[in-house]
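A short write-up of the structure that comes next.
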Amino acid sequence: MQDTTGQDAAAADATAESTAGENAPGQASAGRRTPVELTVRPKPGQLTFTAPRRGKPPQHIADFDMAGRREFLAGLGHKPFRAGQLSRHYFDRFAVEAADMTDLPAEGREELVAQALPPLLTTVRTLEADQGATLKTVHRLFDGATVESVLMRYTNRVTMCISSQAGCGMNCPFCATGQAGLTRNLSTAEIVEQVVQGARMLRGGRVGRAEQEPLRVSNIVFMGMGEALANYKASIGAIHRLIDPSPEGLGISARGITMSTVGLVPGIRKFTQEKLPVTLALSLHAPDDELRDELIPINTRWKVDEALDAAYEYYQVTGRRVSIEYALIRDINDHGWRADLLGEKLNARGGGWVHVNPIPLNPTPGSKWTASRPGVEQNFVERLRAHGIPTTVRDTRGSDIDGACGQLAATV
């Protein structure tokens, strides 16, 4: 398969230093919407590492750490200590209205809030499943691009699946997001705001049954739209906003966060050096290069063994067990011998470092592929377990509202 970007591996790694979240001179103001030119659907096998150049979203305190917020506010002519007050309103209270921020001076309050906490996501629609316990929200960004996030409430936890890009440049043929192409990277604050909006819905009793106690968002998976490691700087910034203690961030445990990747090996190695106790999820989907070249175009750059080596190094450095994601596709990648090959490759690198999540393929419009037959799925699981590999079939929550893995396409 041909890659038409003309970038080599070094360039791909350099692309990870995205500057999302920094305003360009002359960018559109927060109150003015610039029509977004949606990316043309990519050709089969085409990879896009560099996001199209578009206007930058308005800067927001969530784009910065606390020191950066003070500097940001000072640059706007405000007292730097206001950073702490605004941070408590945003990260603790999930406040929206300036009128509710009564510890800020009445004079100039509206202007301060408009500059520091500009609206980033507008809800286009929200779909419910599982008796209201699963919500998929379509968000419109300042430039007209759309992204989706999914909130899933369980008995003792709440998981949010969030997007890091509008669209995706990895072009996996069984994924609705990848088939749509890459529109642009999200800023750090746009990523964080998805979680804050989910937290507001939980606190407002809008998720699950009325008699259930509100819960806080406890788990975050970067498994929505986009390849987070291709938007490296913004994604890492978002992780810090999520895990930093109040009032700098949301105070979510790093162990409750999962970073998913299709196998950008330079990005995995760079992420390893962050030494964060975050779970790494590698979307493998095939243990052999011949098939994975077809299913996961990035495999034409970095092969199965290179991706597994990078994932194993992540485990060695962080001590965090790696998750291998494997979408089971009927008569394509669900053969017993492929389960055996996967088990052998994982065991060759050591024991106790990995867990496999087979995922029944979620249907997408126009796809020629479908999920494996139940008996075939069970055989695949049993053969992996026979190799001593911990294996758990992934829950397909939200599939009836196109909110499950591989189904996010931000259709309005």
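By order in the structure tokens, chains are A, B, ...; within a chain, residues start at 1; ligands start at 1, following the order shown.
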
>> Give me, as number ranges by chain, the residues of stretch 25-160 of chain A that a backbone DSSP run labels helix (DSSP H, G or I).
In response: A: 61-63, 66-75, 82-92, 98-100, 109-116, 130-132

If you count only C-alpha atoms, which residues fall within 12 Å of A:Asn347, apart from same-chain ones fewer than 4 positions away, as a compact mmCIF listing (two decimals) with N, CA, C and O atoms, in the first residue's frame?
# COMPACT_ATOMS: atom_id res chain seq x y z
N LEU A 308 5.22 -4.62 18.91
CA LEU A 308 5.20 -5.42 20.14
C LEU A 308 6.45 -5.14 20.99
O LEU A 308 6.37 -5.09 22.22
N ASP A 309 7.59 -4.96 20.34
CA ASP A 309 8.81 -4.64 21.09
C ASP A 309 8.64 -3.31 21.82
O ASP A 309 9.02 -3.18 23.00
N TYR A 312 6.34 -3.79 24.76
CA TYR A 312 7.00 -4.50 25.85
C TYR A 312 7.96 -3.57 26.60
O TYR A 312 8.05 -3.61 27.83
N ASP A 340 -2.82 -18.73 17.98
CA ASP A 340 -1.59 -19.39 18.43
C ASP A 340 -0.37 -18.53 18.14
O ASP A 340 0.53 -18.39 18.99
N LEU A 341 -0.33 -17.93 16.95
CA LEU A 341 0.82 -17.09 16.60
C LEU A 341 0.90 -15.88 17.52
O LEU A 341 1.99 -15.51 17.98
N LEU A 342 -0.24 -15.28 17.82
CA LEU A 342 -0.24 -14.15 18.73
C LEU A 342 0.26 -14.56 20.11
O LEU A 342 1.09 -13.88 20.72
N GLY A 343 -0.25 -15.69 20.62
CA GLY A 343 0.19 -16.17 21.92
C GLY A 343 1.69 -16.43 21.96
O GLY A 343 2.37 -16.09 22.94
N GLY A 351 6.57 -13.05 30.40
CA GLY A 351 5.27 -13.35 30.97
C GLY A 351 4.76 -12.22 31.83
O GLY A 351 5.53 -11.41 32.35
N GLY A 352 3.45 -12.16 31.98
CA GLY A 352 2.83 -11.21 32.90
C GLY A 352 2.79 -9.77 32.44
O GLY A 352 2.41 -8.88 33.22
N TRP A 353 3.15 -9.52 31.19
CA TRP A 353 3.26 -8.13 30.75
C TRP A 353 2.08 -7.66 29.91
O TRP A 353 1.99 -6.47 29.60
N VAL A 354 1.16 -8.56 29.59
CA VAL A 354 0.17 -8.22 28.58
C VAL A 354 -1.16 -8.86 28.87
O VAL A 354 -1.25 -9.88 29.56
N HIS A 355 -2.22 -8.22 28.37
CA HIS A 355 -3.58 -8.74 28.46
C HIS A 355 -4.21 -8.51 27.09
O HIS A 355 -4.03 -7.44 26.50
N LEU A 384 -5.82 -18.59 23.00
CA LEU A 384 -4.93 -17.63 23.65
C LEU A 384 -4.71 -18.00 25.12
O LEU A 384 -3.58 -17.96 25.62
N ARG A 385 -5.78 -18.37 25.80
CA ARG A 385 -5.66 -18.74 27.20
C ARG A 385 -4.81 -19.99 27.38
O ARG A 385 -4.12 -20.15 28.39
N ALA A 386 -4.85 -20.89 26.39
CA ALA A 386 -4.02 -22.09 26.45
C ALA A 386 -2.53 -21.73 26.42
O ALA A 386 -1.70 -22.51 26.91
N HIS A 387 -2.21 -20.57 25.89
CA HIS A 387 -0.83 -20.10 25.89
C HIS A 387 -0.51 -19.34 27.18
O HIS A 387 0.60 -18.79 27.32
N GLY A 388 -1.47 -19.27 28.10
CA GLY A 388 -1.26 -18.56 29.35
C GLY A 388 -1.46 -17.06 29.24
O GLY A 388 -1.04 -16.32 30.13
N ILE A 389 -2.12 -16.59 28.18
CA ILE A 389 -2.34 -15.17 27.97
C ILE A 389 -3.68 -14.77 28.57
O ILE A 389 -4.72 -15.27 28.14
N PRO A 390 -3.71 -13.87 29.56
CA PRO A 390 -4.99 -13.39 30.09
C PRO A 390 -5.80 -12.74 28.95
O PRO A 390 -5.29 -11.86 28.25

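Taking atom CA of A:Ala95 as the reference point, atom CA of A:Gly167 is found at 29.0 Å.
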
Please build the interface table for stretch 224-297 of chain A against stretch 313-316 of chain A with a cut-off of 8 Å, listing for each qualifying residue the nearest atom pair and the distance in Å to one decimal; count only C-alpha atoms, order rows by chain and increasing number, and write it as a Markdown table.
| residue | atom | partner | partner_atom | distance |
| --- | --- | --- | --- | --- |
| A:Ile268 | CA | A:Tyr314 | CA | 7.5 |
| A:Arg269 | CA | A:Tyr314 | CA | 7.3 |
| A:Thr272 | CA | A:Tyr314 | CA | 5.2 |
| A:Leu280 | CA | A:Tyr314 | CA | 7.8 |

> Hey, which of A:Gln131, A:Thr364, A:Ser187, A:Gln115 ends up closest to A:Ala74? Count only C-alpha atoms.
Replying inline: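 Of A:Gln131, A:Thr364, A:Ser187, A:Gln115, the one nearest A:Ala74, counting only C-alpha atoms, is A:Gln115.
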
>> Can you pull out the residues contacting stretch 148-150 of chain A? Cut-off 6 Å, using only C-alpha atoms, and skip same-chain residues under 2 positions away; I want them as a list in words.
In response: Leu135, Lys136, Thr137, Val138, His139, Met160, Cys161, Ile162 and Ala410 of chain A

Using only all heavy atoms, please write the residues we just selected to a file, as a short mmCIF file (atom, residue, chain, number, x, y, z; two decimals), in the first residue's frame.
data_model
loop_
_atom_site.label_atom_id
_atom_site.label_comp_id
_atom_site.auth_asym_id
_atom_site.auth_seq_id
_atom_site.Cartn_x
_atom_site.Cartn_y
_atom_site.Cartn_z
N LEU A 135 -24.06 7.30 26.88
CA LEU A 135 -24.40 8.49 26.12
C LEU A 135 -23.30 8.79 25.12
O LEU A 135 -22.12 8.86 25.49
CB LEU A 135 -24.57 9.71 27.03
CG LEU A 135 -25.94 9.96 27.67
CD1 LEU A 135 -26.31 8.86 28.64
CD2 LEU A 135 -25.93 11.31 28.39
N LYS A 136 -23.69 8.96 23.87
CA LYS A 136 -22.75 9.41 22.84
C LYS A 136 -23.11 10.84 22.48
O LYS A 136 -24.26 11.12 22.12
CB LYS A 136 -22.79 8.54 21.60
CG LYS A 136 -21.78 8.98 20.54
CD LYS A 136 -21.82 8.13 19.28
CE LYS A 136 -22.97 8.56 18.37
NZ LYS A 136 -22.83 7.98 17.00
N THR A 137 -22.13 11.73 22.56
CA THR A 137 -22.37 13.14 22.27
C THR A 137 -21.57 13.56 21.05
O THR A 137 -20.37 13.28 20.95
CB THR A 137 -21.98 14.02 23.46
OG1 THR A 137 -22.71 13.60 24.62
CG2 THR A 137 -22.29 15.48 23.19
N VAL A 138 -22.25 14.23 20.11
CA VAL A 138 -21.58 14.83 18.96
C VAL A 138 -21.34 16.29 19.30
O VAL A 138 -22.27 17.02 19.65
CB VAL A 138 -22.44 14.71 17.69
CG1 VAL A 138 -21.71 15.32 16.50
CG2 VAL A 138 -22.79 13.25 17.40
N HIS A 139 -20.08 16.73 19.21
CA HIS A 139 -19.69 18.10 19.53
C HIS A 139 -19.29 18.83 18.25
O HIS A 139 -18.58 18.28 17.41
CB HIS A 139 -18.49 18.13 20.48
CG HIS A 139 -18.61 17.26 21.68
ND1 HIS A 139 -19.29 17.64 22.82
CD2 HIS A 139 -18.11 16.02 21.95
CE1 HIS A 139 -19.21 16.67 23.73
NE2 HIS A 139 -18.50 15.68 23.22
N MET A 160 -15.10 7.31 30.22
CA MET A 160 -15.32 8.17 29.06
C MET A 160 -14.33 7.82 27.96
O MET A 160 -13.12 7.67 28.20
CB MET A 160 -15.16 9.64 29.42
CG MET A 160 -16.39 10.25 30.08
SD MET A 160 -16.47 12.05 29.83
CE MET A 160 -16.92 12.14 28.09
N CYS A 161 -14.87 7.66 26.76
CA CYS A 161 -14.06 7.46 25.56
C CYS A 161 -14.00 8.81 24.85
O CYS A 161 -15.03 9.35 24.45
CB CYS A 161 -14.71 6.39 24.68
SG CYS A 161 -13.84 6.10 23.13
N ILE A 162 -12.79 9.36 24.71
CA ILE A 162 -12.66 10.71 24.20
C ILE A 162 -11.85 10.74 22.91
O ILE A 162 -11.07 9.83 22.62
CB ILE A 162 -12.02 11.66 25.25
CG1 ILE A 162 -10.63 11.16 25.65
CG2 ILE A 162 -12.93 11.77 26.46
CD1 ILE A 162 -9.89 12.13 26.57
N ALA A 410 -18.84 11.03 13.81
CA ALA A 410 -19.31 12.41 14.02
C ALA A 410 -20.31 12.83 12.96
O ALA A 410 -20.25 13.92 12.41
CB ALA A 410 -18.11 13.38 14.04
#

Counting only C-alpha atoms, which residues in stretch 76-140 of chain A sit no more than 8 Å from stretch 244-261 of chain A? For each one, give the nearest pair of atoms and the distance in Å, sorted by chain then residue number, as a Markdown table.
| residue | atom | partner | partner_atom | distance |
| --- | --- | --- | --- | --- |
| A:Gly84 | CA | A:Pro247 | CA | 6.8 |
| A:Ser87 | CA | A:Pro247 | CA | 5.5 |
| A:Arg88 | CA | A:Pro247 | CA | 5.1 |
| A:Phe91 | CA | A:Leu250 | CA | 5.4 |
| A:Asp92 | CA | A:Pro247 | CA | 6.8 |

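With only C-alpha atoms as the basis for measurement, A:Ala83 is the residue among A:Val356, A:Thr370, A:Asp334, A:Ala83 that approaches A:Asp65 most closely.
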
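You will find atom CA of A:Leu141 at 6.1 Å from atom CA of A:Leu120.
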
> Could you state the separation of atom CA of A:Leu117 and atom CA of A:Glu71 in Å, given to one decimal place?
Replying inline: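 A separation of 15.0 Å between them.
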
> Of the residues A:Met66, A:Val278, A:Met170, A:Cys175, which is the one nearest to A:Phe222, using only C-alpha atoms?
Replying inline: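 The closest residue to A:Phe222 is A:Val278.
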
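Closest approach to A:Ala176 from the set A:Asn362, A:Glu306, A:Thr318, A:Glu344 is made by A:Asn362, with distances taken over only C-alpha atoms.
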
>> Quick one: residues within 7 Å of A:Thr48, only C-alpha atoms, excluding same-chain residues fewer than 2 positions away - as a PyMOL selection string?
In response: chain A and resi 5+46+50+169-170

> So which one's closest to A:Val158, A:Asp331, A:Asp103, A:Glu111, A:Glu213? Using only C-alpha atoms, please.
Replying inline: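 Among the listed residues, the smallest separation from A:Val158 belongs to A:Glu213.
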